[in-house]
>>> print(open('model_31.cif').read())   # mmCIF, C-alpha atoms
data_run
#
loop_
_atom_site.label_atom_id
_atom_site.label_comp_id
_atom_site.auth_asym_id
_atom_site.auth_seq_id
_atom_site.Cartn_x
_atom_site.Cartn_y
_atom_site.Cartn_z
CA MET A 14 16.09 -34.05 10.40
CA ASN A 15 15.79 -35.46 6.91
CA HIS A 16 18.82 -34.50 4.89
CA GLY A 17 18.47 -32.60 1.63
CA THR A 18 19.58 -33.87 -1.74
CA THR A 19 20.09 -32.47 -5.22
CA GLY A 20 16.45 -33.42 -5.79
CA ALA A 21 15.48 -31.10 -2.94
CA ARG A 22 17.44 -28.23 -4.50
CA ARG A 23 15.69 -28.80 -7.81
CA THR A 24 12.30 -28.71 -6.04
CA TYR A 25 13.17 -25.41 -4.31
CA ILE A 26 14.12 -23.79 -7.59
CA ALA A 27 10.93 -25.06 -9.28
CA VAL A 28 8.85 -23.67 -6.37
CA TYR A 29 10.70 -20.36 -6.70
CA ALA A 30 9.91 -20.19 -10.42
CA ALA A 31 6.24 -20.89 -9.66
CA LEU A 32 6.18 -18.13 -7.01
CA VAL A 33 7.65 -15.56 -9.41
CA ALA A 34 5.24 -16.67 -12.18
CA LEU A 35 2.23 -16.37 -9.84
CA THR A 36 3.42 -12.89 -8.78
CA ILE A 37 3.54 -11.80 -12.42
CA VAL A 38 0.06 -13.28 -13.02
CA THR A 39 -1.53 -11.57 -10.01
CA VAL A 40 -0.02 -8.18 -10.88
CA SER A 41 -1.09 -8.51 -14.54
CA VAL A 42 -4.65 -9.47 -13.56
CA SER A 43 -4.83 -6.40 -11.29
CA TYR A 44 -4.70 -4.17 -14.38
CA VAL A 45 -7.87 -5.83 -15.74
CA ASP A 46 -11.19 -4.75 -14.23
CA LEU A 47 -13.09 -7.87 -13.16
CA GLY A 48 -15.21 -6.16 -10.51
CA MET A 49 -15.48 -8.17 -7.31
CA MET A 50 -13.65 -11.06 -8.99
CA ASN A 51 -10.39 -9.06 -8.72
CA VAL A 52 -10.43 -9.59 -4.95
CA VAL A 53 -11.25 -13.28 -5.27
CA VAL A 54 -8.54 -13.95 -7.87
CA ALA A 55 -5.90 -11.95 -5.94
CA LEU A 56 -6.63 -13.79 -2.67
CA LEU A 57 -6.70 -17.19 -4.38
CA ILE A 58 -3.32 -16.56 -6.01
CA ALA A 59 -1.87 -15.24 -2.72
CA SER A 60 -3.10 -18.37 -0.94
CA ALA A 61 -1.60 -20.60 -3.62
CA LYS A 62 1.75 -18.81 -3.14
CA ALA A 63 1.47 -19.03 0.65
CA SER A 64 0.75 -22.77 0.39
CA LEU A 65 3.83 -23.30 -1.78
CA VAL A 66 6.03 -21.45 0.72
CA ALA A 67 4.60 -23.35 3.71
CA LEU A 68 4.66 -26.81 2.07
CA PHE A 69 8.10 -26.69 0.47
CA PHE A 70 10.18 -23.85 1.96
CA MET A 71 8.91 -24.39 5.51
CA HIS A 72 8.91 -28.17 4.92
CA LEU A 73 5.34 -28.67 6.15
CA LYS A 74 4.97 -31.36 3.48
CA GLY A 75 7.17 -33.77 5.40
CA GLU A 76 6.01 -32.80 8.90
CA ASN A 77 3.97 -34.87 11.31
CA ARG A 78 0.38 -34.15 12.36
CA LEU A 79 1.42 -32.26 15.47
CA VAL A 80 3.33 -29.61 13.49
CA TRP A 81 0.44 -29.40 11.00
CA GLY A 82 -1.87 -28.71 13.92
CA PHE A 83 0.43 -25.96 15.21
CA ALA A 84 0.46 -24.41 11.73
CA LEU A 85 -3.25 -24.66 10.89
CA VAL A 86 -5.02 -23.90 14.20
CA PRO A 87 -3.90 -20.22 14.30
CA ILE A 88 -5.10 -19.76 10.70
CA LEU A 89 -8.46 -21.24 11.68
CA PHE A 90 -8.66 -18.77 14.57
CA LEU A 91 -7.68 -15.89 12.30
CA LEU A 92 -10.47 -16.75 9.82
CA LEU A 93 -12.89 -17.03 12.73
CA ILE A 94 -11.86 -13.60 14.06
CA ILE A 95 -12.13 -11.94 10.63
CA PHE A 96 -15.46 -13.61 9.84
CA GLY A 97 -16.95 -12.92 13.28
CA THR A 98 -15.85 -9.28 13.27
CA LEU A 99 -17.20 -8.72 9.76
CA VAL A 100 -20.55 -10.25 10.66
CA ASP A 101 -20.75 -7.97 13.68
CA THR A 102 -19.72 -4.75 11.94
CA GLN A 103 -21.70 -5.36 8.73
CA LEU A 104 -24.99 -6.41 10.33
CA ARG A 105 -25.07 -3.91 13.15
CA MET B 13 21.25 -42.67 30.96
CA SER B 14 18.24 -44.59 32.20
CA SER B 15 16.68 -41.69 34.07
CA PRO B 16 13.10 -40.84 33.05
CA HIS B 17 14.34 -37.54 31.60
CA ALA B 18 17.04 -39.05 29.42
CA GLU B 19 15.17 -38.09 26.24
CA HIS B 20 15.68 -34.41 27.07
CA GLY B 21 19.31 -34.82 26.11
CA ASP B 22 18.44 -36.44 22.79
CA PRO B 23 19.31 -33.97 19.97
CA ALA B 24 16.44 -35.22 17.80
CA VAL B 25 13.93 -34.54 20.59
CA ALA B 26 15.53 -31.14 21.23
CA PHE B 27 15.14 -30.32 17.54
CA GLU B 28 11.45 -31.29 17.49
CA THR B 29 10.87 -29.26 20.65
CA ALA B 30 12.52 -26.18 19.15
CA LYS B 31 10.39 -26.60 16.03
CA LEU B 32 7.14 -26.69 18.02
CA GLY B 33 8.41 -23.65 19.91
CA ILE B 34 8.97 -21.60 16.78
CA TRP B 35 5.62 -22.67 15.29
CA THR B 36 3.95 -21.54 18.53
CA PHE B 37 5.72 -18.19 18.21
CA LEU B 38 4.56 -17.96 14.60
CA ALA B 39 0.98 -18.62 15.82
CA THR B 40 1.21 -15.49 17.98
CA GLU B 41 2.59 -13.62 14.97
CA VAL B 42 -0.37 -14.75 12.84
CA LEU B 43 -2.69 -13.21 15.41
CA LEU B 44 -0.58 -10.02 15.72
CA PHE B 45 -0.79 -9.39 11.98
CA GLY B 46 -4.28 -10.92 12.06
CA ALA B 47 -5.60 -8.00 14.11
CA LEU B 48 -4.44 -5.66 11.35
CA PHE B 49 -5.86 -7.86 8.60
CA THR B 50 -9.17 -7.83 10.49
CA ALA B 51 -9.10 -4.03 10.73
CA TYR B 52 -8.34 -3.95 7.00
CA ALA B 53 -11.33 -6.20 6.20
CA VAL B 54 -13.70 -4.16 8.36
CA TYR B 55 -12.71 -0.77 6.91
CA ARG B 56 -12.50 -2.03 3.36
CA ALA B 57 -16.07 -3.31 3.69
CA LYS B 58 -17.09 0.05 5.15
CA PHE B 59 -15.31 2.36 2.67
CA PRO B 60 -14.84 0.41 -0.59
CA ALA B 61 -14.67 3.54 -2.77
CA LEU B 62 -11.96 5.14 -0.62
CA PHE B 63 -9.81 1.98 -0.70
CA GLN B 64 -10.33 1.71 -4.46
CA ALA B 65 -9.23 5.31 -5.08
CA GLU B 66 -6.36 5.49 -2.59
CA HIS B 67 -4.62 2.22 -3.46
CA LEU B 68 -3.93 3.60 -6.95
CA LYS B 69 -1.51 6.09 -5.33
CA LEU B 70 0.84 3.23 -4.40
CA ASP B 71 3.67 2.24 -6.73
CA ARG B 72 2.58 -1.13 -8.08
CA VAL B 73 5.89 -1.70 -9.87
CA LEU B 74 8.00 -1.14 -6.73
CA GLY B 75 5.62 -3.36 -4.76
CA THR B 76 6.09 -6.11 -7.33
CA VAL B 77 9.88 -5.69 -7.39
CA ASN B 78 9.94 -5.99 -3.60
CA THR B 79 7.81 -9.14 -3.78
CA VAL B 80 10.34 -10.77 -6.09
CA VAL B 81 13.18 -9.60 -3.79
CA LEU B 82 11.50 -11.22 -0.77
CA ILE B 83 10.63 -14.45 -2.62
CA THR B 84 14.26 -14.67 -3.76
CA SER B 85 15.39 -14.20 -0.15
CA SER B 86 13.15 -17.11 0.86
CA LEU B 87 14.87 -19.25 -1.78
CA THR B 88 18.33 -18.33 -0.47
CA VAL B 89 17.18 -19.24 3.06
CA VAL B 90 15.91 -22.66 2.07
CA LEU B 91 19.11 -23.28 0.09
CA GLY B 92 21.06 -22.30 3.21
CA VAL B 93 19.10 -24.84 5.24
CA ASP B 94 19.80 -27.44 2.55
CA ALA B 95 23.53 -26.55 2.70
CA VAL B 96 23.86 -26.92 6.47
CA ARG B 97 21.96 -30.23 6.40
CA LYS B 98 24.79 -31.50 4.19
CA GLY B 99 27.41 -29.96 6.51
CA LYS B 100 28.38 -27.24 4.01
CA THR B 101 28.62 -24.39 6.51
CA ARG B 102 30.58 -22.09 4.17
CA LEU B 103 27.78 -22.35 1.63
CA LEU B 104 25.26 -21.69 4.41
CA GLN B 105 27.10 -18.47 5.27
CA ALA B 106 26.95 -17.37 1.62
CA TYR B 107 23.21 -18.07 1.33
CA TYR B 108 22.28 -16.48 4.67
CA GLY B 109 24.57 -13.53 3.92
CA ALA B 110 22.77 -13.09 0.59
CA THR B 111 19.44 -13.21 2.43
CA VAL B 112 20.50 -10.42 4.78
CA LEU B 113 21.53 -8.35 1.74
CA LEU B 114 18.18 -9.00 0.01
CA GLY B 115 16.40 -7.97 3.22
CA GLY B 116 18.41 -4.74 3.05
CA VAL B 117 17.36 -4.20 -0.57
CA PHE B 118 13.73 -4.73 0.45
CA LEU B 119 13.97 -2.10 3.20
CA CYS B 120 15.71 0.37 0.87
CA VAL B 121 12.89 0.04 -1.69
CA LYS B 122 10.38 0.48 1.14
CA TYR B 123 12.26 3.63 2.22
CA VAL B 124 12.09 5.02 -1.33
CA GLU B 125 8.33 4.33 -1.42
CA TRP B 126 7.62 5.92 1.95
CA THR B 127 9.74 8.98 1.05
CA ALA B 128 7.83 9.40 -2.23
CA GLU B 129 4.52 9.07 -0.39
CA PHE B 130 5.53 11.67 2.22
CA SER B 131 6.64 14.07 -0.52
CA HIS B 132 3.22 13.67 -2.16
CA GLY B 133 1.65 14.74 1.11
CA VAL B 134 0.48 11.24 2.04
CA PHE B 135 0.94 10.41 5.73
CA PRO B 136 -0.31 7.79 8.20
CA GLY B 137 -2.99 10.25 9.30
CA THR B 138 -4.22 11.03 5.77
CA ASN B 139 -7.05 8.50 5.81
CA ILE B 140 -7.88 4.99 7.05
CA PHE B 141 -6.36 3.32 3.98
CA PHE B 142 -2.99 4.97 4.51
CA SER B 143 -3.16 4.46 8.30
CA LEU B 144 -3.46 0.73 7.62
CA TYR B 145 -0.85 0.85 4.84
CA PHE B 146 1.80 2.51 7.01
CA VAL B 147 1.11 0.40 10.10
CA MET B 148 1.03 -2.89 8.17
CA THR B 149 4.10 -2.23 6.02
CA GLY B 150 5.86 -0.65 9.02
CA LEU B 151 5.26 -3.64 11.28
CA HIS B 152 6.27 -5.94 8.44
CA GLY B 153 9.42 -3.89 7.80
CA LEU B 154 10.29 -4.18 11.49
CA HIS B 155 10.01 -7.95 11.15
CA VAL B 156 12.30 -7.89 8.10
CA PHE B 157 14.86 -5.89 10.09
CA LEU B 158 14.70 -8.24 13.10
CA GLY B 159 14.95 -11.23 10.73
CA MET B 160 18.10 -9.72 9.20
CA CYS B 161 19.63 -9.42 12.71
CA VAL B 162 18.78 -13.05 13.54
CA LEU B 163 20.14 -14.37 10.22
CA ALA B 164 23.34 -12.32 10.66
CA TYR B 165 23.72 -13.94 14.09
CA VAL B 166 23.35 -17.39 12.49
CA VAL B 167 26.14 -16.48 10.03
CA LEU B 168 28.25 -15.51 13.05
CA LEU B 169 27.53 -18.88 14.70
CA ALA B 170 28.59 -20.64 11.49
CA ARG B 171 31.82 -18.62 11.35
CA LYS B 172 32.60 -19.68 14.90
CA GLY B 173 32.19 -23.30 13.82
CA ARG B 174 29.19 -23.88 16.07
CA LEU B 175 26.98 -25.35 13.32
CA SER B 176 27.20 -28.63 11.43
CA GLU B 177 24.96 -31.26 9.83
CA ASN B 178 24.49 -32.57 13.39
CA TYR B 179 23.35 -29.21 14.75
CA THR B 180 21.18 -27.24 12.33
CA THR B 181 18.57 -25.94 14.81
CA PRO B 182 19.42 -22.18 14.68
CA VAL B 183 19.50 -22.28 10.88
CA GLU B 184 16.18 -24.09 10.52
CA MET B 185 14.34 -22.02 13.15
CA SER B 186 15.50 -18.63 11.86
CA GLY B 187 14.62 -19.89 8.37
CA LEU B 188 11.04 -20.66 9.43
CA TYR B 189 10.73 -17.14 10.84
CA TRP B 190 12.03 -15.60 7.61
CA HIS B 191 9.56 -17.60 5.51
CA PHE B 192 6.74 -16.37 7.76
CA VAL B 193 7.77 -12.74 7.06
CA ASP B 194 7.64 -13.62 3.36
CA LEU B 195 4.15 -15.13 3.85
CA VAL B 196 2.83 -11.90 5.37
CA TRP B 197 4.12 -9.90 2.41
CA ILE B 198 2.51 -12.36 -0.02
CA TYR B 199 -0.86 -11.17 1.37
CA LEU B 200 0.13 -7.50 1.78
CA LEU B 201 0.96 -7.12 -1.92
CA PRO B 202 -2.55 -7.90 -3.24
CA LEU B 203 -4.43 -6.31 -0.33
CA LEU B 204 -2.59 -2.97 -0.42
CA TYR B 205 -1.17 -2.60 -3.92
CA LEU B 206 -3.44 -4.61 -6.19
CA ILE B 207 -7.02 -4.49 -4.96
CA GLY B 208 -6.96 -1.75 -2.31
#
>>> encode(input="model_31.cif", output="structure tokens")
Amino acid sequence: MNHGTTGARRTYIAVYAALVALTIVTVSVSYVDLGMMNVVVALLIASAKASLVALFFMHLKGENRLVWGFALVPILFLLLIIFGTLVDTQLR
Amino acid sequence: MSSPHAEHGDPAVAFETAKLGIWTFLATEVLLFGALFTAYAVYRAKFPALFQAEHLKLDRVLGTVNTVVLITSSLTVVLGVDAVRKGKTRLLQAYYGATVLLGGVFLCVKYVEWTAEFSHGVFPGTNIFFSLYFVMTGLHGLHVFLGMCVLAYVVLLARKGRLSENYTTPVEMSGLYWHFVDLVWIYLLPLLYLIG
């Protein structure tokens, strides 16, 4: 239970500004036709935003390895499920 | 207090335990939404042209507005957590109250979108893109609604004087849940509105 400070508040507001900026960027890019790159860019920006939320708003940054494990293992499984299902349905 | 189970009464241990509990719950939530994301990936790979054409029928501006609303609500949550850690429970009530209101705004915008889609003759059964759109945004909207109920309950706890800098668990755990709901939307915006 680390206690917050004014520094923490400043960090939260900076993260918020970054999240709004990234939202504006991803929506603007969606109006430009980049072919398959549109998907790549959109998912990269979404993942950057998700990382910011998890690291700072959910305080993963200051967590121990056990909590990191609890947070990352399900994502690993999700990627495995999506990848495995796609391989099966695409190559059948 | 020299019994082998003495640590169970330790508030710091209780806090860590609750945190692992909520992260475990979030793991099940990842897989719940994950099934839908998997279905999305499979059908998008199968019908790229349909997804490309249909996603243009969604209101990109309203989707963006709602994204900013939800991101703002995540900020008010984390500021509420910061407030209670300093023992400022009145400030916590203001921030969590604001979050509940922002959740309400989000659902109202979603209602406007769904109503417009219905009036244009677009329904969950129209095609696979809209089946996924309505199920994913519907399940997400349900999570927003449940989150609003939980956060309102935390405000009630604070009003009753049950929370302080020494007992922040309900605030922190409900906050983690709310951020997760925000995380899901962060992926729904590009997948449904931007790249179809």
>>> residues_around(input="model_31.cif", residues="stretch 95-112 of chain B", least_positions_apart="3", cutoff="10 Å", atoms="only C-alpha atoms", output="number ranges by chain")
A: 14-18, 22; B: 81-82, 84-92, 115-118, 156-157, 159-171, 173-181, 183-184, 187, 190
>>> resolve_selection(input="model_31.cif", expression="the PyMOL selection byres ((chain B) within 6 of (chain A))", output="JSON, numbers by chain")
{"B": [39, 50, 54, 90, 94, 97, 188, 195, 198, 199, 202, 206]}
>>> closest_residue(input="model_31.cif", among="B:Thr127, B:Leu144, B:Lys31, B:Leu68", to="A:Leu73", atoms="only C-alpha atoms")
B:Lys31
>>> atom_distance(input="model_31.cif", atom1="atom CA of B:Glu41", atom2="atom CA of B:Thr29")
18.6 Å
>>> atom_distance(input="model_31.cif", atom1="atom CA of B:Leu119", atom2="atom CA of B:Ile83")
14.1 Å
>>> atom_distance(input="model_31.cif", atom1="atom CA of B:Val77", atom2="atom CA of B:Phe37")
28.8 Å
>>> axis_aligned_box(input="model_31.cif", around="stretch 186-204 of chain B", padding_each_side="5 Å", output="JSON")
{"center_x": 5.5, "center_y": -11.8, "center_z": 4.3, "size_x": 29.9, "size_y": 27.7, "size_z": 25.1}
>>> resolve_selection(input="model_31.cif", expression="the PyMOL selection byres ((chain B and resi 67) around 10)", output="ChimeraX atom specification")
/B:62-66,68-72,141-142,145,203-208
>>> write_last_selection(input="model_31.cif", atoms="C-alpha atoms", output="PDB file, keeping the file's coordinate frame")
ATOM      1  CA  LEU B  62     -11.960   5.140  -0.620  1.00  0.00           C
ATOM      2  CA  PHE B  63      -9.810   1.980  -0.700  1.00  0.00           C
ATOM      3  CA  GLN B  64     -10.330   1.710  -4.460  1.00  0.00           C
ATOM      4  CA  ALA B  65      -9.230   5.310  -5.080  1.00  0.00           C
ATOM      5  CA  GLU B  66      -6.360   5.490  -2.590  1.00  0.00           C
ATOM      6  CA  LEU B  68      -3.930   3.600  -6.950  1.00  0.00           C
ATOM      7  CA  LYS B  69      -1.510   6.090  -5.330  1.00  0.00           C
ATOM      8  CA  LEU B  70       0.840   3.230  -4.400  1.00  0.00           C
ATOM      9  CA  ASP B  71       3.670   2.240  -6.730  1.00  0.00           C
ATOM     10  CA  ARG B  72       2.580  -1.130  -8.080  1.00  0.00           C
ATOM     11  CA  PHE B 141      -6.360   3.320   3.980  1.00  0.00           C
ATOM     12  CA  PHE B 142      -2.990   4.970   4.510  1.00  0.00           C
ATOM     13  CA  TYR B 145      -0.850   0.850   4.840  1.00  0.00           C
ATOM     14  CA  LEU B 203      -4.430  -6.310  -0.330  1.00  0.00           C
ATOM     15  CA  LEU B 204      -2.590  -2.970  -0.420  1.00  0.00           C
ATOM     16  CA  TYR B 205      -1.170  -2.600  -3.920  1.00  0.00           C
ATOM     17  CA  LEU B 206      -3.440  -4.610  -6.190  1.00  0.00           C
ATOM     18  CA  ILE B 207      -7.020  -4.490  -4.960  1.00  0.00           C
ATOM     19  CA  GLY B 208      -6.960  -1.750  -2.310  1.00  0.00           C
TER      20      GLY B 208
END
